[in-house]
Amino acid sequence: MFAKRTDYFVESVIRDMTRLSLKHNAINLAQGFPDFPAPNELKQAAALSIMEDFNQYSITWGAKDLREEISQKAEQYNHIEADPESQVTITCGSTEAMMASMLALINEGDEAVIFEPFYENYGPDAAVSGAVPRFVPLNDDNSIDEDALNCAFNRKTRVIILNTPNNPCGKVFTKGELKMIADLCVDNDVIAVTDEIYEYILYDGKKHISIGSLDDMKDRTITISGFSKTYSITGWRIGYVLAQKELTSAIRKVHDFLTVGAPAPLQHACVTALRFPDSYYEELAAMYDGKRKLLYNALIKAGFKCKMPEGAYYILADIPDGVNMDDMAFAKYMVSEVGVAAVPGSSFYRSEAGKHKLRFTFSKKDETLQEAVKRLNDLNI
Ligand code: GLN
């Protein structure tokens, strides 16, 4: 009765946990979105855009002023040259950017290399676009298993999906690692599709490097980012794709018929975001650093084992010894009995490893996190 492709994935477990959290009146550390206000200037810019009547469709691939600002930002921050007329496409969040890119690139049966743990969407992205996923587990210390990565590449490989800083494990890929991936892409004629939505959320002096800025990767990288996380506006759904001209043409065609365009008044307001001073980004990272430490300490105290993330705003934690529940059962117990919602680890793994993990976000007000800490303290295992 239904298309076969829908058999290969389920509805988002992350968003399902949000629904469960609301039902149990729990603290939602499941879905990664801020519960604090968006910057005032942005809210004003959005209201003004509507009053000034930016209320009809923008150009399907994005409002010109925003594409121009994105192009400048890409050059300065990512060291990527992208002509606003032919290499920048604005989408409904980076989620659409990823799906449109995959639909534009993949022929049925092409393979997609995906590091594990991975962001929940990449499985469905592969299923819908017809790609066969090839999962490459990261080592326990989050380093790359070079042999496993080498083995994953073959004649059928069309893309490798990267996510740096990484959701869920917080890894920030180093230049050496990206170079190694770039060499494999060049040798095997593979495109890197890189999701860099957390590019400004970095800790302990870590630097964000875009694989698209490396030699030989200019024409074989699709760089995806957006406004949701950097400016705390996840509900606006404004993302974008940078890619060379021919790839951009294909992506724009898919994007056009998927969504026509991203919300016009909000695109206009995002121009204001890209003009924020450097201090905005420093303060953002410093704010999340405090929240990271708060949640990390609470999880360790409650018996979880976890690493400090290097970037993004999640902690992937091993379920405490002595808990005789798998990730699903324990996540349900946590939300209904402890009052803290987290995401079951299996959302981020194809292998069994996820069954022993939960993912928590710290993209919440300090008082929300403190209430969660209180509840975690009462966790009696
Ligand atoms: N990226 C966020 C997360 O991982 C939100 C996911 C979503 O619902 N789109 O939690």
# chains A, B, ... in the order shown; residues from 1 in each chain; ligands from 1
call {"tool": "residues_around", "arguments": {"residues": "Ile201 in chain A", "least_positions_apart": "3", "cutoff": "7 Å", "atoms": "only C-alpha atoms", "output": "ChimeraX atom specification"}}
result
/A:198,285,311-312
call {"tool": "select_by_dssp", "arguments": {"residues": "range 223-349 of chain A", "states": "strand (DSSP E)", "output": "ChimeraX atom specification"}}
result
/A:223-226,238-242,305-306,314-318,340-341,343-344
call {"tool": "residues_near_ligand", "arguments": {"ligand": "ligand 1", "cutoff": "6 Å", "atoms": "only C-alpha atoms and all ligand atoms", "output": "ChimeraX atom specification"}}
result
/A:14-15,31-32
call {"tool": "write_last_selection", "arguments": {"atoms": "C-alpha atoms", "output": "PDB file, in the first residue's frame"}}
result
ATOM      1  CA  ILE A  14      14.101  12.952  18.668  1.00  0.00           C
ATOM      2  CA  ARG A  15      10.789  14.659  18.029  1.00  0.00           C
ATOM      3  CA  GLN A  31      15.479  17.795  21.099  1.00  0.00           C
ATOM      4  CA  GLY A  32      18.280  20.265  20.391  1.00  0.00           C
TER       5      GLY A  32
END
call {"tool": "closest_residue", "arguments": {"among": "A:Ile209, A:Val340, A:Ala97, A:Ala243", "to": "Glu85 in chain A", "atoms": "only C-alpha atoms"}}
result
A:Ala243
call {"tool": "residues_around", "arguments": {"residues": "range 216-230 of chain A", "least_positions_apart": "5", "cutoff": "9 Å", "atoms": "only C-alpha atoms", "output": "MDAnalysis selection string"}}
result
chainID A and resid 32:34 80:81 90:91 93:94 97:98 101 182:183 185:186 189:201 210:211 235:245 247:248 270 273 281 284 312
call {"tool": "write_last_selection", "arguments": {"atoms": "C-alpha atoms", "output": "mmCIF file, in the first residue's frame"}}
result
data_model
loop_
_atom_site.group_PDB
_atom_site.id
_atom_site.type_symbol
_atom_site.label_atom_id
_atom_site.label_comp_id
_atom_site.auth_asym_id
_atom_site.auth_seq_id
_atom_site.Cartn_x
_atom_site.Cartn_y
_atom_site.Cartn_z
ATOM 1 C CA GLY A 32 18.280 20.265 20.391
ATOM 2 C CA PHE A 33 16.603 23.656 20.436
ATOM 3 C CA PRO A 34 16.993 26.569 22.844
ATOM 4 C CA ILE A 80 35.034 28.983 0.592
ATOM 5 C CA GLU A 81 34.351 31.099 -2.478
ATOM 6 C CA ILE A 90 18.714 29.034 0.534
ATOM 7 C CA THR A 91 16.570 26.175 1.823
ATOM 8 C CA GLY A 93 16.591 24.569 7.167
ATOM 9 C CA SER A 94 19.670 22.459 6.682
ATOM 10 C CA ALA A 97 19.416 21.306 2.247
ATOM 11 C CA MET A 98 20.645 17.790 2.983
ATOM 12 C CA SER A 101 21.423 17.612 -2.096
ATOM 13 C CA ALA A 182 39.593 14.656 0.944
ATOM 14 C CA ASP A 183 42.278 12.369 -0.506
ATOM 15 C CA CYS A 185 37.201 11.666 -2.223
ATOM 16 C CA VAL A 186 39.650 12.697 -4.935
ATOM 17 C CA ASP A 189 35.687 10.542 -7.424
ATOM 18 C CA VAL A 190 33.365 11.037 -4.457
ATOM 19 C CA ILE A 191 31.472 14.155 -3.309
ATOM 20 C CA ALA A 192 31.657 15.281 0.333
ATOM 21 C CA VAL A 193 28.321 16.470 1.697
ATOM 22 C CA THR A 194 29.135 18.320 4.880
ATOM 23 C CA ASP A 195 26.659 19.458 7.511
ATOM 24 C CA GLU A 196 28.257 22.328 9.437
ATOM 25 C CA ILE A 197 25.233 23.676 11.292
ATOM 26 C CA TYR A 198 27.176 23.857 14.615
ATOM 27 C CA GLU A 199 30.160 25.647 13.045
ATOM 28 C CA TYR A 200 30.237 28.430 15.667
ATOM 29 C CA ILE A 201 29.663 26.240 18.724
ATOM 30 C CA SER A 210 35.326 23.281 6.253
ATOM 31 C CA ILE A 211 36.429 20.409 4.030
ATOM 32 C CA GLY A 235 11.681 27.404 14.037
ATOM 33 C CA TRP A 236 12.483 29.866 11.253
ATOM 34 C CA ARG A 237 13.753 27.056 9.015
ATOM 35 C CA ILE A 238 16.423 28.958 7.124
ATOM 36 C CA GLY A 239 19.380 26.926 5.890
ATOM 37 C CA TYR A 240 21.627 27.006 2.864
ATOM 38 C CA VAL A 241 23.828 25.016 0.503
ATOM 39 C CA LEU A 242 27.100 26.066 -1.120
ATOM 40 C CA ALA A 243 28.205 24.042 -4.125
ATOM 41 C CA GLN A 244 29.869 24.495 -7.493
ATOM 42 C CA LYS A 245 27.706 25.694 -10.349
ATOM 43 C CA LEU A 247 25.782 20.813 -8.587
ATOM 44 C CA THR A 248 23.949 23.943 -7.504
ATOM 45 C CA CYS A 270 18.614 36.801 8.484
ATOM 46 C CA ALA A 273 22.091 38.074 11.720
ATOM 47 C CA TYR A 281 29.894 34.410 18.273
ATOM 48 C CA LEU A 284 27.527 32.235 22.096
ATOM 49 C CA ALA A 312 27.886 21.383 19.213
#
call {"tool": "select_by_dssp", "arguments": {"residues": "range 178-226 of chain A", "states": "alpha helix (DSSP H)", "output": "PyMOL selection string"}}
result
chain A and resi 178-188
call {"tool": "residues_around", "arguments": {"residues": "Glu11 in chain A", "least_positions_apart": "6", "cutoff": "12 Å", "atoms": "only C-alpha atoms", "output": "list of chain:residue names"}}
result
A:Met17, A:Glu120, A:Asn121, A:Gly123, A:Pro124, A:Ser347
call {"tool": "write_last_selection", "arguments": {"atoms": "N, CA and C atoms", "output": "mmCIF file, in the first residue's frame"}}
result
data_model
loop_
_atom_site.group_PDB
_atom_site.id
_atom_site.type_symbol
_atom_site.label_atom_id
_atom_site.label_comp_id
_atom_site.auth_asym_id
_atom_site.auth_seq_id
_atom_site.Cartn_x
_atom_site.Cartn_y
_atom_site.Cartn_z
ATOM 1 N N MET A 17 10.448 12.042 21.338
ATOM 2 C CA MET A 17 10.819 12.252 22.751
ATOM 3 C C MET A 17 10.316 13.611 23.240
ATOM 4 N N GLU A 120 20.518 11.580 13.266
ATOM 5 C CA GLU A 120 19.349 10.756 12.923
ATOM 6 C C GLU A 120 18.873 10.892 11.474
ATOM 7 N N ASN A 121 18.935 12.080 10.910
ATOM 8 C CA ASN A 121 18.384 12.311 9.566
ATOM 9 C C ASN A 121 19.100 11.565 8.440
ATOM 10 N N GLY A 123 20.113 8.584 7.852
ATOM 11 C CA GLY A 123 19.527 7.298 7.427
ATOM 12 C C GLY A 123 18.352 7.540 6.479
ATOM 13 N N PRO A 124 17.322 8.273 6.933
ATOM 14 C CA PRO A 124 16.207 8.600 6.041
ATOM 15 C C PRO A 124 16.636 9.359 4.778
ATOM 16 N N SER A 347 19.125 5.848 18.060
ATOM 17 C CA SER A 347 18.792 6.782 16.972
ATOM 18 C C SER A 347 20.029 7.197 16.186
#
call {"tool": "residues_around", "arguments": {"residues": "Val128 in chain A", "least_positions_apart": "3", "cutoff": "8 Å", "atoms": "only C-alpha atoms", "output": "number ranges by chain"}}
result
A: 5-6, 103, 124-125, 131
call {"tool": "write_last_selection", "arguments": {"atoms": "all heavy atoms", "output": "PDB file, in the first residue's frame"}}
result
ATOM      1  N   ARG A   5      10.144   2.693   0.195  1.00  0.00           N
ATOM      2  CA  ARG A   5      11.159   3.504   0.864  1.00  0.00           C
ATOM      3  C   ARG A   5      10.726   3.908   2.280  1.00  0.00           C
ATOM      4  O   ARG A   5      11.564   4.108   3.138  1.00  0.00           O
ATOM      5  CB  ARG A   5      11.508   4.735   0.028  1.00  0.00           C
ATOM      6  CG  ARG A   5      10.415   5.771  -0.116  1.00  0.00           C
ATOM      7  CD  ARG A   5      10.917   7.038  -0.807  1.00  0.00           C
ATOM      8  NE  ARG A   5      11.127   6.830  -2.232  1.00  0.00           N
ATOM      9  CZ  ARG A   5      10.178   7.003  -3.156  1.00  0.00           C
ATOM     10  NH1 ARG A   5       8.960   7.391  -2.813  1.00  0.00           N
ATOM     11  NH2 ARG A   5      10.430   6.792  -4.419  1.00  0.00           N
ATOM     12  N   THR A   6       9.408   3.970   2.506  1.00  0.00           N
ATOM     13  CA  THR A   6       8.966   4.385   3.841  1.00  0.00           C
ATOM     14  C   THR A   6       9.156   3.265   4.870  1.00  0.00           C
ATOM     15  O   THR A   6       9.025   3.486   6.066  1.00  0.00           O
ATOM     16  CB  THR A   6       7.481   4.827   3.852  1.00  0.00           C
ATOM     17  OG1 THR A   6       6.682   3.700   3.509  1.00  0.00           O
ATOM     18  CG2 THR A   6       7.220   5.961   2.891  1.00  0.00           C
ATOM     19  N   LEU A 103      18.988  14.085  -3.079  1.00  0.00           N
ATOM     20  CA  LEU A 103      18.113  13.784  -4.230  1.00  0.00           C
ATOM     21  C   LEU A 103      18.755  14.240  -5.535  1.00  0.00           C
ATOM     22  O   LEU A 103      18.534  13.641  -6.587  1.00  0.00           O
ATOM     23  CB  LEU A 103      16.744  14.447  -4.044  1.00  0.00           C
ATOM     24  CG  LEU A 103      15.851  13.823  -2.960  1.00  0.00           C
ATOM     25  CD1 LEU A 103      14.623  14.697  -2.695  1.00  0.00           C
ATOM     26  CD2 LEU A 103      15.415  12.413  -3.349  1.00  0.00           C
ATOM     27  N   PRO A 124      17.322   8.273   6.933  1.00  0.00           N
ATOM     28  CA  PRO A 124      16.207   8.600   6.041  1.00  0.00           C
ATOM     29  C   PRO A 124      16.636   9.359   4.778  1.00  0.00           C
ATOM     30  O   PRO A 124      16.075   9.139   3.702  1.00  0.00           O
ATOM     31  CB  PRO A 124      15.290   9.466   6.906  1.00  0.00           C
ATOM     32  CG  PRO A 124      15.591   9.032   8.303  1.00  0.00           C
ATOM     33  CD  PRO A 124      17.023   8.627   8.331  1.00  0.00           C
ATOM     34  N   ASP A 125      17.637  10.245   4.890  1.00  0.00           N
ATOM     35  CA  ASP A 125      18.128  10.941   3.684  1.00  0.00           C
ATOM     36  C   ASP A 125      18.595   9.920   2.651  1.00  0.00           C
ATOM     37  O   ASP A 125      18.317  10.054   1.448  1.00  0.00           O
ATOM     38  CB  ASP A 125      19.311  11.869   4.028  1.00  0.00           C
ATOM     39  CG  ASP A 125      18.881  13.117   4.794  1.00  0.00           C
ATOM     40  OD1 ASP A 125      17.725  13.538   4.657  1.00  0.00           O
ATOM     41  OD2 ASP A 125      19.721  13.664   5.540  1.00  0.00           O
ATOM     42  N   ALA A 131      20.051   5.898  -1.742  1.00  0.00           N
ATOM     43  CA  ALA A 131      21.454   5.557  -1.475  1.00  0.00           C
ATOM     44  C   ALA A 131      21.539   4.361  -0.526  1.00  0.00           C
ATOM     45  O   ALA A 131      20.690   4.196   0.348  1.00  0.00           O
ATOM     46  CB  ALA A 131      22.175   6.748  -0.846  1.00  0.00           C
TER      47      ALA A 131
END
call {"tool": "closest_atom_pairs", "arguments": {"of": "range 311-371 of chain A", "to": "range 37-58 of chain A", "cutoff": "12 Å", "atoms": "only C-alpha atoms", "output": "Markdown table"}}
result
| residue | atom | partner | partner_atom | distance |
| --- | --- | --- | --- | --- |
| A:Ser363 | CA | A:Pro37 | CA | 11.7 |
| A:Lys364 | CA | A:Pro37 | CA | 10.3 |
| A:Lys365 | CA | A:Pro37 | CA | 9.5 |
call {"tool": "write_last_selection", "arguments": {"atoms": "all heavy atoms", "output": "PDB file, in the first residue's frame"}}
result
ATOM      1  N   SER A 363      21.259  22.770  25.297  1.00  0.00           N
ATOM      2  CA  SER A 363      20.861  24.043  24.666  1.00  0.00           C
ATOM      3  C   SER A 363      19.653  24.639  25.397  1.00  0.00           C
ATOM      4  O   SER A 363      18.639  24.951  24.776  1.00  0.00           O
ATOM      5  CB  SER A 363      20.522  23.794  23.198  1.00  0.00           C
ATOM      6  OG  SER A 363      19.450  22.875  23.101  1.00  0.00           O
ATOM      7  N   LYS A 364      19.779  24.737  26.702  1.00  0.00           N
ATOM      8  CA  LYS A 364      18.636  25.191  27.506  1.00  0.00           C
ATOM      9  C   LYS A 364      19.099  26.253  28.503  1.00  0.00           C
ATOM     10  O   LYS A 364      20.292  26.352  28.819  1.00  0.00           O
ATOM     11  CB  LYS A 364      18.032  23.995  28.274  1.00  0.00           C
ATOM     12  CG  LYS A 364      17.642  22.811  27.404  1.00  0.00           C
ATOM     13  CD  LYS A 364      16.484  23.089  26.449  1.00  0.00           C
ATOM     14  CE  LYS A 364      16.338  21.964  25.413  1.00  0.00           C
ATOM     15  NZ  LYS A 364      15.377  22.224  24.380  1.00  0.00           N
ATOM     16  N   LYS A 365      18.118  27.016  29.043  1.00  0.00           N
ATOM     17  CA  LYS A 365      18.416  28.018  30.065  1.00  0.00           C
ATOM     18  C   LYS A 365      19.130  27.349  31.237  1.00  0.00           C
ATOM     19  O   LYS A 365      18.846  26.186  31.544  1.00  0.00           O
ATOM     20  CB  LYS A 365      17.103  28.602  30.618  1.00  0.00           C
ATOM     21  CG  LYS A 365      16.377  29.513  29.662  1.00  0.00           C
ATOM     22  CD  LYS A 365      15.226  30.200  30.376  1.00  0.00           C
ATOM     23  CE  LYS A 365      13.972  29.365  30.256  1.00  0.00           C
ATOM     24  NZ  LYS A 365      12.701  30.016  30.233  1.00  0.00           N
TER      25      LYS A 365
END
